[in-house]
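my_file-v3.txt follows (compact mmCIF, C-alpha atoms):
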# COMPACT_ATOMS: atom_id res chain seq x y z
CA MET A 1 11.62 -23.66 0.19
CA PRO A 2 8.47 -23.62 2.36
CA ASP A 3 6.49 -20.48 2.93
CA PRO A 4 6.50 -20.15 6.74
CA ALA A 5 5.00 -16.70 6.63
CA GLN A 6 1.89 -17.78 4.72
CA PRO A 7 -1.14 -18.39 6.98
CA ALA A 8 -4.01 -20.74 6.39
CA SER A 9 -7.12 -18.82 5.34
CA PRO A 10 -9.46 -18.57 8.34
CA ASP A 11 -13.22 -18.80 8.09
CA ILE A 12 -14.10 -15.11 8.17
CA GLY A 13 -17.83 -15.63 7.67
CA ASP A 14 -18.63 -15.81 11.39
CA ALA A 15 -16.50 -12.76 12.18
CA LEU A 16 -18.20 -10.76 9.42
CA ALA A 17 -21.65 -11.82 10.63
CA ARG A 18 -20.82 -10.40 14.07
CA LEU A 19 -19.69 -7.15 12.46
CA MET A 20 -22.77 -6.71 10.26
CA PRO A 21 -24.77 -4.56 12.74
CA ARG A 22 -21.83 -2.15 12.94
CA LEU A 23 -21.45 -2.10 9.14
CA HIS A 24 -25.17 -1.49 8.65
CA ALA A 25 -25.09 1.36 11.19
CA ALA A 26 -22.18 3.03 9.37
CA ARG A 27 -24.05 2.74 6.06
CA ARG A 28 -27.22 4.26 7.58
CA ARG A 29 -25.20 7.19 8.96
CA GLY A 30 -23.74 7.76 5.52
CA TRP A 31 -27.12 7.78 3.82
CA ARG A 32 -28.57 10.11 6.49
CA LEU A 33 -25.75 12.53 5.74
CA VAL A 34 -26.42 12.28 2.01
CA ALA A 35 -30.13 12.91 2.59
CA ALA A 36 -29.36 15.97 4.74
CA VAL A 37 -26.97 17.33 2.10
CA VAL A 38 -29.52 16.87 -0.70
CA ALA A 39 -32.27 18.50 1.36
CA LEU A 40 -30.07 21.47 2.25
CA TRP A 41 -28.92 21.77 -1.36
CA GLY A 42 -32.52 21.82 -2.59
CA LEU A 43 -33.44 24.52 -0.07
CA VAL A 44 -30.46 26.71 -0.99
CA VAL A 45 -31.17 26.38 -4.73
CA VAL A 46 -34.85 27.29 -4.35
CA VAL A 47 -34.11 30.28 -2.13
CA ALA A 48 -31.26 31.46 -4.37
CA VAL A 49 -33.19 31.24 -7.63
CA ARG A 50 -36.34 32.85 -6.24
CA GLY A 51 -34.80 35.38 -3.88
CA PHE A 52 -31.78 36.58 -5.83
CA PRO A 53 -32.74 37.19 -9.45
CA VAL A 54 -29.27 38.42 -10.45
CA ASP A 55 -26.92 36.10 -8.59
CA GLY A 56 -29.28 33.21 -7.93
CA PHE A 57 -27.90 30.83 -10.53
CA SER A 58 -24.31 31.48 -9.44
CA ILE A 59 -25.27 30.73 -5.85
CA ALA A 60 -27.06 27.57 -6.99
CA LEU A 61 -23.99 26.45 -8.91
CA VAL A 62 -21.76 26.94 -5.86
CA ALA A 63 -24.27 25.05 -3.72
CA THR A 64 -24.33 22.18 -6.25
CA VAL A 65 -20.55 21.86 -6.21
CA ALA A 66 -20.48 21.96 -2.41
CA ALA A 67 -23.22 19.32 -2.21
CA ALA A 68 -21.35 17.04 -4.61
CA VAL A 69 -18.20 17.36 -2.50
CA LEU A 70 -20.12 16.53 0.68
CA VAL A 71 -21.70 13.46 -0.93
CA VAL A 72 -18.23 12.22 -1.92
CA VAL A 73 -17.05 12.84 1.65
CA ALA A 74 -20.02 10.85 2.98
CA ALA A 75 -19.16 7.95 0.66
CA GLN A 76 -15.49 7.99 1.67
CA THR A 77 -16.34 8.27 5.36
CA THR A 78 -18.67 5.27 5.10
CA ARG A 79 -16.04 3.19 3.35
CA ARG A 80 -13.38 4.09 5.90
CA ALA A 81 -15.82 3.22 8.71
CA HIS A 82 -16.38 -0.20 7.12
CA GLU A 83 -12.64 -0.73 6.76
CA ALA A 84 -12.05 0.35 10.36
CA ALA A 85 -14.56 -2.27 11.49
CA VAL A 86 -13.38 -5.16 9.30
CA MET A 87 -9.62 -4.78 8.93
CA PRO A 88 -8.71 -5.27 12.62
CA ALA A 89 -10.56 -8.61 12.52
CA LEU A 90 -8.75 -9.72 9.36
CA ALA A 91 -5.37 -8.58 10.66
CA GLY A 92 -6.07 -10.21 14.03
CA ALA A 93 -6.66 -13.54 12.28
CA LEU A 94 -2.99 -13.35 11.25
CA GLY A 95 -1.75 -12.13 14.62
CA LEU A 96 -1.32 -8.54 13.40
CA ASP A 97 -2.56 -5.17 14.62
CA TYR A 98 -4.21 -2.70 12.24
CA ARG A 99 -4.38 1.10 12.22
CA GLN A 100 -5.72 3.66 9.78
CA ASP A 101 -3.93 6.87 8.83
CA ALA A 102 -0.55 6.15 10.44
CA ALA A 103 1.48 9.12 9.13
CA GLU A 104 4.30 8.43 11.59
CA PHE A 105 5.25 5.37 9.54
CA LEU A 106 6.62 7.49 6.69
CA PRO A 107 9.56 9.21 8.50
CA THR A 108 10.90 5.77 9.50
CA LEU A 109 11.46 4.78 5.86
CA ASN A 110 14.81 4.98 4.09
CA GLY A 111 14.91 8.21 2.09
CA ARG A 112 16.02 6.34 -1.02
CA LEU A 113 13.09 3.90 -1.08
CA LEU A 114 10.30 6.17 -2.38
CA PRO A 115 9.95 9.34 -4.48
CA GLU A 116 9.97 12.74 -2.87
CA GLY A 117 6.58 14.42 -2.75
CA ALA A 118 4.76 17.11 -0.80
CA ARG A 119 1.69 14.94 -0.18
CA ARG A 120 2.61 11.74 1.66
CA SER A 121 0.17 9.49 3.48
CA CYS A 122 -0.05 6.06 5.03
CA GLU A 123 -3.67 4.92 4.88
CA ASP A 124 -3.30 1.48 6.46
CA LEU A 125 -0.63 0.11 8.80
CA LEU A 126 -0.21 -3.51 9.92
CA THR A 127 2.23 -4.42 12.68
CA GLY A 128 3.09 -7.58 14.58
CA ARG A 129 5.38 -10.58 14.75
CA VAL A 130 5.77 -12.77 11.68
CA ALA A 131 8.36 -15.53 11.36
CA GLY A 132 10.08 -14.49 14.58
CA ARG A 133 10.44 -10.78 13.82
CA GLN A 134 8.53 -7.57 14.49
CA VAL A 135 7.31 -6.33 11.11
CA ARG A 136 5.47 -3.28 9.76
CA PHE A 137 3.47 -3.06 6.55
CA GLY A 138 1.99 0.21 5.32
CA GLU A 139 -0.12 1.23 2.32
CA VAL A 140 1.54 4.43 1.16
CA SER A 141 0.59 7.17 -1.29
CA ILE A 142 2.93 9.94 -2.48
CA ALA A 143 1.97 12.83 -4.76
CA THR A 144 3.57 16.08 -5.86
CA GLY A 145 0.96 18.23 -4.16
CA GLY A 146 -0.19 21.64 -5.32
CA LYS A 147 -2.92 22.62 -7.77
CA ASN A 148 -1.98 20.05 -10.41
CA SER A 149 -0.94 17.30 -8.03
CA ARG A 150 0.42 14.17 -9.70
CA LEU A 151 0.59 10.71 -8.15
CA LEU A 152 4.19 9.48 -7.87
CA PHE A 153 3.72 6.25 -5.96
CA ARG A 154 0.89 4.20 -4.56
CA GLY A 155 1.63 0.85 -3.09
CA PHE A 156 2.67 -1.25 -0.15
CA VAL A 157 5.84 -0.87 1.91
CA ALA A 158 7.20 -3.61 4.17
CA VAL A 159 9.80 -2.98 6.87
CA LEU A 160 11.47 -6.20 8.03
CA PRO A 161 14.32 -6.58 10.53
CA ASN A 162 16.99 -9.03 9.38
CA LEU A 163 17.85 -11.98 11.61
CA VAL A 164 20.72 -12.76 9.22
CA ALA A 165 22.66 -9.77 7.86
CA LEU A 166 21.98 -9.21 4.16
CA PRO A 167 24.35 -7.43 1.73
CA PRO A 168 23.81 -3.64 1.67
CA VAL A 169 22.06 -3.14 -1.67
CA PHE A 170 19.43 -1.02 -3.39
CA LEU A 171 17.11 -2.60 -5.97
CA ALA A 172 14.77 -0.51 -8.11
CA ALA A 173 12.64 -0.63 -11.20
CA GLU A 174 15.10 0.85 -13.68
CA ALA A 175 12.41 2.99 -15.33
CA ALA A 176 11.99 4.84 -12.00
CA THR A 177 15.70 5.76 -11.95
CA ARG A 178 15.68 7.47 -15.36
CA SER A 179 14.91 11.11 -16.02
CA ARG A 180 11.59 11.83 -17.67
CA GLY A 181 11.91 14.79 -20.03
CA PHE A 182 13.30 17.69 -18.01
CA GLY A 183 12.13 16.26 -14.69
CA ARG A 184 14.09 14.36 -12.09
CA PRO A 185 13.83 10.57 -11.87
CA LEU A 186 11.52 9.19 -9.22
CA LEU A 187 14.43 7.44 -7.49
CA GLN A 188 17.97 8.81 -7.13
CA VAL A 189 20.95 6.51 -7.76
CA ASN A 190 23.61 9.02 -8.87
CA ASP A 191 25.69 8.48 -5.73
CA LEU A 192 25.65 4.66 -6.04
CA VAL A 193 27.55 2.11 -8.14
CA TYR A 194 25.52 0.09 -10.62
CA ILE A 195 26.13 -3.63 -9.97
CA THR A 196 23.89 -5.72 -12.19
CA ARG A 197 20.33 -6.36 -13.34
CA ALA A 198 18.34 -8.68 -11.09
CA ARG A 199 15.44 -9.34 -13.45
CA GLY A 200 13.78 -8.27 -16.69
CA SER A 201 15.00 -6.24 -19.65
CA GLY A 202 14.63 -2.75 -21.05
CA ASP A 203 12.18 -0.53 -19.19
CA ASP A 204 10.93 -3.58 -17.27
CA GLY A 205 14.31 -4.31 -15.72
CA ILE A 206 15.09 -4.33 -12.00
CA GLY A 207 18.54 -2.89 -11.38
CA VAL A 208 20.90 -3.33 -8.43
CA TRP A 209 23.09 -0.61 -6.91
CA SER A 210 25.33 -0.32 -3.89
CA ARG A 211 27.96 2.02 -2.48
CA SER A 212 30.71 -0.43 -3.46
CA ALA A 213 31.08 -2.88 -6.33
CA GLY A 214 32.65 -5.28 -3.86
CA VAL A 215 29.23 -6.12 -2.45
CA ALA A 216 28.76 -8.54 -5.37
CA ALA A 217 31.26 -10.87 -3.65
CA ALA A 218 29.12 -11.15 -0.50
CA PRO A 219 27.95 -14.69 0.38
CA GLY A 220 24.66 -15.53 -1.30
CA PHE A 221 24.52 -12.20 -3.18
CA ALA A 222 22.91 -13.54 -6.37
CA ALA A 223 20.34 -15.56 -4.42
CA VAL A 224 19.41 -12.49 -2.36
CA LEU A 225 18.72 -10.52 -5.53
CA GLU A 226 16.65 -13.34 -6.99
CA ALA A 227 14.55 -13.67 -3.84
CA LEU A 228 13.72 -9.94 -3.69
CA ALA A 229 13.14 -9.50 -7.42
CA ARG A 230 10.74 -12.47 -7.45
CA LEU A 231 8.19 -10.29 -5.64
CA ASP A 232 7.43 -8.61 -8.97
CA GLY A 233 4.01 -9.55 -10.33
CA HIS A 234 2.49 -11.01 -7.15
CA ALA A 235 -1.08 -10.34 -5.95
CA ALA A 236 -2.72 -11.59 -9.13
CA GLY A 237 -0.58 -9.35 -11.28
CA ARG A 238 -1.74 -6.17 -9.51
CA ALA A 239 1.61 -5.63 -7.77
CA ALA A 240 4.85 -4.56 -9.42
CA PHE A 241 8.26 -4.32 -7.82
CA PHE A 242 9.26 -0.71 -7.21
CA SER A 243 12.28 -0.71 -4.90
CA ALA A 244 14.01 -2.43 -2.00
CA VAL A 245 16.85 -1.36 0.25
CA SER A 246 18.83 -3.28 2.83
CA ASP A 247 21.48 -1.92 5.16
CA GLY A 248 22.28 -5.37 6.54
CA ARG A 249 20.16 -4.94 9.66
CA GLU A 250 16.80 -4.11 8.10
CA THR A 251 15.18 -4.62 4.69
CA GLN A 252 12.52 -2.29 3.30
CA ILE A 253 10.49 -3.28 0.23
CA ALA A 254 8.12 -1.11 -1.84
CA LEU A 255 5.63 -2.71 -4.22
CA ARG A 256 3.51 -0.56 -6.50
CA HIS A 257 -0.05 -1.77 -7.06
CA ALA A 258 -2.82 -0.84 -9.45
CA GLY A 259 -5.70 -0.46 -7.01
CA ASP A 260 -6.59 0.39 -3.43
CA LEU A 261 -5.66 -2.50 -1.18
CA PHE A 262 -8.12 -3.36 1.60
CA ARG A 263 -10.94 -1.35 -0.01
CA ILE A 264 -14.10 -2.50 1.75
CA GLY A 265 -17.69 -1.36 1.71
CA GLY A 266 -19.25 2.02 1.08
CA LEU A 267 -22.70 3.51 0.64
CA PHE A 268 -23.77 1.08 -2.08
CA ALA A 269 -22.19 -2.10 -0.67
CA SER A 270 -24.65 -4.98 -0.30
CA ASP A 271 -24.12 -7.71 2.27
CA ASP A 272 -22.96 -10.12 -0.44
CA GLY A 273 -20.71 -7.44 -1.89
CA LEU A 274 -19.21 -6.82 1.54
CA MET A 275 -18.42 -10.51 1.91
CA ASP A 276 -16.70 -10.57 -1.48
CA GLU A 277 -14.67 -7.47 -0.67
CA VAL A 278 -13.66 -8.85 2.73
CA ARG A 279 -12.40 -12.05 1.14
CA ARG A 280 -10.49 -10.05 -1.44
CA ALA A 281 -8.98 -7.90 1.32
CA PHE A 282 -7.82 -11.03 3.11
CA ASP A 283 -6.25 -12.22 -0.12
CA ASP A 284 -4.49 -8.84 -0.36
CA LEU A 285 -2.87 -9.59 3.01
CA ALA A 286 -0.83 -12.24 1.20
CA LEU A 287 1.12 -9.42 -0.46
CA PRO A 288 3.03 -8.20 2.64
CA LEU A 289 3.46 -11.77 3.84
CA ARG A 290 5.15 -12.64 0.56
CA ALA A 291 7.62 -9.87 1.35
CA VAL A 292 8.44 -11.72 4.57
CA ASP A 293 8.93 -14.91 2.54
CA ALA A 294 11.34 -13.09 0.23
CA VAL A 295 13.46 -11.89 3.13
CA LEU A 296 13.41 -15.34 4.73
CA GLU A 297 14.63 -16.83 1.47
CA ALA A 298 17.34 -14.19 1.14
CA GLU A 299 18.53 -14.82 4.70
CA ALA A 300 18.58 -18.57 4.08
CA ALA A 301 20.72 -18.00 0.98
CA VAL A 302 23.23 -15.89 2.91
CA ALA A 303 23.40 -18.36 5.79
CA ALA A 304 23.86 -21.30 3.42
CA ALA A 305 26.57 -19.53 1.41
CA ALA A 306 28.43 -18.53 4.57
CA VAL A 307 28.95 -22.16 5.55
CA GLY A 308 29.43 -23.42 2.00
CA ARG A 309 26.15 -25.30 1.70
CA PRO A 310 24.04 -25.16 -1.47
CA LEU A 311 20.60 -23.64 -0.99
CA PRO A 312 17.77 -26.11 -1.64
CA ARG A 313 16.11 -25.46 -5.00
CA ARG A 314 12.59 -23.99 -4.92
Could you render the structure from this file as structure tokens?
Amino acid sequence: MPDPAQPASPDIGDALARLMPRLHAARRRGWRLVAAVVALWGLVVVVAVRGFPVDGFSIALVATVAAAVLVVVAAQTTRRAHEAAVMPALAGALGLDYRQDAAEFLPTLNGRLLPEGARRSCEDLLTGRVAGRQVRFGEVSIATGGKNSRLLFRGFVAVLPNLVALPPVFLAAEAATRSRGFGRPLLQVNDLVYITRARGSGDDGIGVWSRSAGVAAAPGFAAVLEALARLDGHAAGRAAFFSAVSDGRETQIALRHAGDLFRIGGLFASDDGLMDEVRRAFDDLALPLRAVDAVLEAEAAVAAAAVGRPLPRR
């Protein structure tokens, strides 16, 4: 089956060259902030040690911690400024719009798709029309929150309207549905019926659930599962299938990944390094587009089964 959602890689060199003055300005602002923090830290330490014989070293320690935090903030702010400059150009090359920090994306997701957590964020959001449908792709992070916050999920979530109704199913990495010690599983399936395993074995398996066992008789059911489960291991092995849910009208897919997608620039980024990171970020855009391909393949399987035609082999 062809990959209609996959774009040809554009020449991003010219676009990046036009953005370089803006990237250099953001880096200079970051280093000016670092210089100001270091100067203020040095002044506070000298005054504290000389002027407060009893508490001077405690004050200096507090100032050192505060300075370190501010330097980290400066580095993160510079990186986010670089991403805010570059990502709209990359997304625009694919006909998509880009936004940072789109928290409103999270409440639109199916409650079964991701773990519950007090700290939930969407750092990057891509929207636009792909393969004839309005799609949304968000990089999502979920953590427990609190003093000893623990990361529960970091990855990419795709929300794709269905042009052909898919069977109502829930797919998940089976390890995420099992209790860990005395804790709750990351994903809840107690109210669903286990149907089959779509891929893998043991802790690496991808299971399939639904509200009714009868869903297994839906046209193209097995091919739908195969298309969605095939997303596991894409993006040069950095992405792993986490979960997917379809209610027939819309499909949502969550892929867990090992690193920070679309990470570009920072205080120490050279021009050559920026170019390499921009190209890698464009390669990362293939990940959500593969999710579109999976849904297209699933829809083709359902349509073919409904009229009794065999689906062409990939």
Closest-contact table, stretch 22-130 of chain A side, partner stretch 249-261 of chain A, 8 Å, counting only C-alpha atoms, as JSON lines:
{"residue": "A:Leu109", "atom": "CA", "partner": "A:Gln252", "partner_atom": "CA", "distance": 7.6}
{"residue": "A:Asn110", "atom": "CA", "partner": "A:Gln252", "partner_atom": "CA", "distance": 7.7}
{"residue": "A:Leu113", "atom": "CA", "partner": "A:Ala254", "partner_atom": "CA", "distance": 7.1}
{"residue": "A:Leu114", "atom": "CA", "partner": "A:Ala254", "partner_atom": "CA", "distance": 7.6}
List every protein, DNA or RNA residue that has at least one atom no more than 12 Å from (28.4, -6.7, -0.8) in the file's coordinates, counting all atoms listed in the file, and write the result as an mmCIF file with C-alpha atoms, in the coordinates of the input.
data_model
loop_
_atom_site.group_PDB
_atom_site.id
_atom_site.type_symbol
_atom_site.label_atom_id
_atom_site.label_comp_id
_atom_site.auth_asym_id
_atom_site.auth_seq_id
_atom_site.Cartn_x
_atom_site.Cartn_y
_atom_site.Cartn_z
ATOM 1 C CA ALA A 165 22.660 -9.770 7.860
ATOM 2 C CA LEU A 166 21.980 -9.210 4.160
ATOM 3 C CA PRO A 167 24.350 -7.430 1.730
ATOM 4 C CA PRO A 168 23.810 -3.640 1.670
ATOM 5 C CA VAL A 169 22.060 -3.140 -1.670
ATOM 6 C CA PHE A 170 19.430 -1.020 -3.390
ATOM 7 C CA VAL A 193 27.550 2.110 -8.140
ATOM 8 C CA ILE A 195 26.130 -3.630 -9.970
ATOM 9 C CA VAL A 208 20.900 -3.330 -8.430
ATOM 10 C CA TRP A 209 23.090 -0.610 -6.910
ATOM 11 C CA SER A 210 25.330 -0.320 -3.890
ATOM 12 C CA ARG A 211 27.960 2.020 -2.480
ATOM 13 C CA SER A 212 30.710 -0.430 -3.460
ATOM 14 C CA ALA A 213 31.080 -2.880 -6.330
ATOM 15 C CA GLY A 214 32.650 -5.280 -3.860
ATOM 16 C CA VAL A 215 29.230 -6.120 -2.450
ATOM 17 C CA ALA A 216 28.760 -8.540 -5.370
ATOM 18 C CA ALA A 217 31.260 -10.870 -3.650
ATOM 19 C CA ALA A 218 29.120 -11.150 -0.500
ATOM 20 C CA PRO A 219 27.950 -14.690 0.380
ATOM 21 C CA GLY A 220 24.660 -15.530 -1.300
ATOM 22 C CA PHE A 221 24.520 -12.200 -3.180
ATOM 23 C CA ALA A 222 22.910 -13.540 -6.370
ATOM 24 C CA VAL A 224 19.410 -12.490 -2.360
ATOM 25 C CA LEU A 225 18.720 -10.520 -5.530
ATOM 26 C CA SER A 246 18.830 -3.280 2.830
ATOM 27 C CA ASP A 247 21.480 -1.920 5.160
ATOM 28 C CA GLY A 248 22.280 -5.370 6.540
ATOM 29 C CA VAL A 302 23.230 -15.890 2.910
#
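Comparing A:Ala81, A:Phe268, A:Ala39, A:Ala48 by their smallest distance to A:Ala25, the closest is A:Ala81 (using all atoms listed in the file).
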TODO: Name the closest residue to A:Asp284 among the candidates A:Ser149, A:Arg180, A:Leu296, A:Glu139; distances are taken between atoms, counting only C-alpha atoms.
DONE: A:Glu139
Give me the stretch 158-272 of chain A side of the contact with stretch 64-77 of chain A, cut-off 12 Å, one line per residue showing its nearest atom pair and distance in Å at one decimal, counting all atoms listed in the file, sorted by chain and residue number, as JSON lines.
{"residue": "A:Arg263", "atom": "CA", "partner": "A:Gln76", "partner_atom": "CA", "distance": 10.5}
{"residue": "A:Ile264", "atom": "CA", "partner": "A:Gln76", "partner_atom": "CA", "distance": 10.6}
{"residue": "A:Gly265", "atom": "CA", "partner": "A:Ala75", "partner_atom": "CA", "distance": 9.5}
{"residue": "A:Gly266", "atom": "CA", "partner": "A:Ala75", "partner_atom": "CA", "distance": 5.9}
{"residue": "A:Leu267", "atom": "CA", "partner": "A:Ala75", "partner_atom": "CA", "distance": 5.7}
{"residue": "A:Phe268", "atom": "CA", "partner": "A:Ala75", "partner_atom": "CA", "distance": 8.7}
{"residue": "A:Ala269", "atom": "CA", "partner": "A:Ala75", "partner_atom": "CA", "distance": 10.6}
Listed atoms of stretch 253-257 of chain A boxed axis-aligned with 5 Å per side, centre + edges as lines of an AutoDock Vina configuration file:
center_x = 5.2
center_y = -1.9
center_z = -3.4
size_x = 20.5
size_y = 12.7
size_z = 17.3
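A straight line drawn from atom CA of A:Leu152 to atom CA of A:Phe242 is 11.4 Å long.
Residue nearest A:Ala229, chosen from A:Val34, A:Val295, A:Leu192, A:Ala103 and counting all atoms listed in the file: A:Val295.
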Because some atoms of stretch 140-149 of chain A are absent here, can you restore all heavy atoms and send them as a PDB file, in the coordinates of the input?
ATOM      1  N   VAL A 140       0.996   3.083   1.244  1.00  0.00           N
ATOM      2  CA  VAL A 140       1.540   4.430   1.160  1.00  0.00           C
ATOM      3  C   VAL A 140       1.154   5.085  -0.155  1.00  0.00           C
ATOM      4  O   VAL A 140       1.122   4.430  -1.204  1.00  0.00           O
ATOM      5  CB  VAL A 140       3.085   4.398   1.303  1.00  0.00           C
ATOM      6  CG1 VAL A 140       3.694   5.772   1.051  1.00  0.00           C
ATOM      7  CG2 VAL A 140       3.472   3.895   2.691  1.00  0.00           C
ATOM      8  N   SER A 141       0.873   6.376  -0.096  1.00  0.00           N
ATOM      9  CA  SER A 141       0.590   7.170  -1.290  1.00  0.00           C
ATOM     10  C   SER A 141       1.440   8.426  -1.253  1.00  0.00           C
ATOM     11  O   SER A 141       1.531   9.092  -0.214  1.00  0.00           O
ATOM     12  CB  SER A 141      -0.900   7.532  -1.342  1.00  0.00           C
ATOM     13  OG  SER A 141      -1.181   8.346  -2.460  1.00  0.00           O
ATOM     14  N   ILE A 142       2.090   8.750  -2.390  1.00  0.00           N
ATOM     15  CA  ILE A 142       2.930   9.940  -2.480  1.00  0.00           C
ATOM     16  C   ILE A 142       2.560  10.689  -3.761  1.00  0.00           C
ATOM     17  O   ILE A 142       2.491  10.102  -4.835  1.00  0.00           O
ATOM     18  CB  ILE A 142       4.425   9.572  -2.504  1.00  0.00           C
ATOM     19  CG1 ILE A 142       4.810   8.871  -1.201  1.00  0.00           C
ATOM     20  CG2 ILE A 142       5.295  10.812  -2.699  1.00  0.00           C
ATOM     21  CD1 ILE A 142       6.242   8.405  -1.162  1.00  0.00           C
ATOM     22  N   ALA A 143       2.322  11.984  -3.621  1.00  0.00           N
ATOM     23  CA  ALA A 143       1.970  12.830  -4.760  1.00  0.00           C
ATOM     24  C   ALA A 143       2.752  14.127  -4.692  1.00  0.00           C
ATOM     25  O   ALA A 143       3.306  14.490  -3.644  1.00  0.00           O
ATOM     26  CB  ALA A 143       0.471  13.097  -4.795  1.00  0.00           C
ATOM     27  N   THR A 144       2.800  14.845  -5.815  1.00  0.00           N
ATOM     28  CA  THR A 144       3.570  16.080  -5.860  1.00  0.00           C
ATOM     29  C   THR A 144       2.947  17.179  -5.021  1.00  0.00           C
ATOM     30  O   THR A 144       3.652  18.053  -4.518  1.00  0.00           O
ATOM     31  CB  THR A 144       3.701  16.574  -7.309  1.00  0.00           C
ATOM     32  OG1 THR A 144       2.387  16.738  -7.865  1.00  0.00           O
ATOM     33  CG2 THR A 144       4.475  15.574  -8.159  1.00  0.00           C
ATOM     34  N   GLY A 145       1.631  17.152  -4.866  1.00  0.00           N
ATOM     35  CA  GLY A 145       0.960  18.230  -4.160  1.00  0.00           C
ATOM     36  C   GLY A 145       0.734  19.430  -5.067  1.00  0.00           C
ATOM     37  O   GLY A 145       1.154  19.450  -6.229  1.00  0.00           O
ATOM     38  N   GLY A 146       0.075  20.449  -4.544  1.00  0.00           N
ATOM     39  CA  GLY A 146      -0.190  21.640  -5.320  1.00  0.00           C
ATOM     40  C   GLY A 146      -1.448  21.526  -6.163  1.00  0.00           C
ATOM     41  O   GLY A 146      -2.178  20.530  -6.109  1.00  0.00           O
ATOM     42  N   LYS A 147      -1.688  22.537  -6.995  1.00  0.00           N
ATOM     43  CA  LYS A 147      -2.920  22.620  -7.770  1.00  0.00           C
ATOM     44  C   LYS A 147      -3.047  21.473  -8.755  1.00  0.00           C
ATOM     45  O   LYS A 147      -4.123  20.905  -8.937  1.00  0.00           O
ATOM     46  CB  LYS A 147      -2.959  23.963  -8.501  1.00  0.00           C
ATOM     47  CG  LYS A 147      -4.236  24.185  -9.297  1.00  0.00           C
ATOM     48  CD  LYS A 147      -4.234  25.544  -9.965  1.00  0.00           C
ATOM     49  CE  LYS A 147      -5.513  25.759 -10.769  1.00  0.00           C
ATOM     50  NZ  LYS A 147      -5.523  27.098 -11.431  1.00  0.00           N
ATOM     51  N   ASN A 148      -1.962  21.138  -9.432  1.00  0.00           N
ATOM     52  CA  ASN A 148      -1.980  20.050 -10.410  1.00  0.00           C
ATOM     53  C   ASN A 148      -1.223  18.846  -9.865  1.00  0.00           C
ATOM     54  O   ASN A 148      -0.278  18.346 -10.484  1.00  0.00           O
ATOM     55  CB  ASN A 148      -1.367  20.523 -11.738  1.00  0.00           C
ATOM     56  CG  ASN A 148      -2.141  21.665 -12.358  1.00  0.00           C
ATOM     57  OD1 ASN A 148      -3.356  21.592 -12.466  1.00  0.00           O
ATOM     58  ND2 ASN A 148      -1.443  22.723 -12.738  1.00  0.00           N
ATOM     59  N   SER A 149      -1.637  18.395  -8.707  1.00  0.00           N
ATOM     60  CA  SER A 149      -0.940  17.300  -8.030  1.00  0.00           C
ATOM     61  C   SER A 149      -0.916  16.039  -8.898  1.00  0.00           C
ATOM     62  O   SER A 149      -1.902  15.697  -9.544  1.00  0.00           O
ATOM     63  CB  SER A 149      -1.622  16.997  -6.700  1.00  0.00           C
ATOM     64  OG  SER A 149      -0.907  16.000  -6.000  1.00  0.00           O
TER      65      SER A 149
END
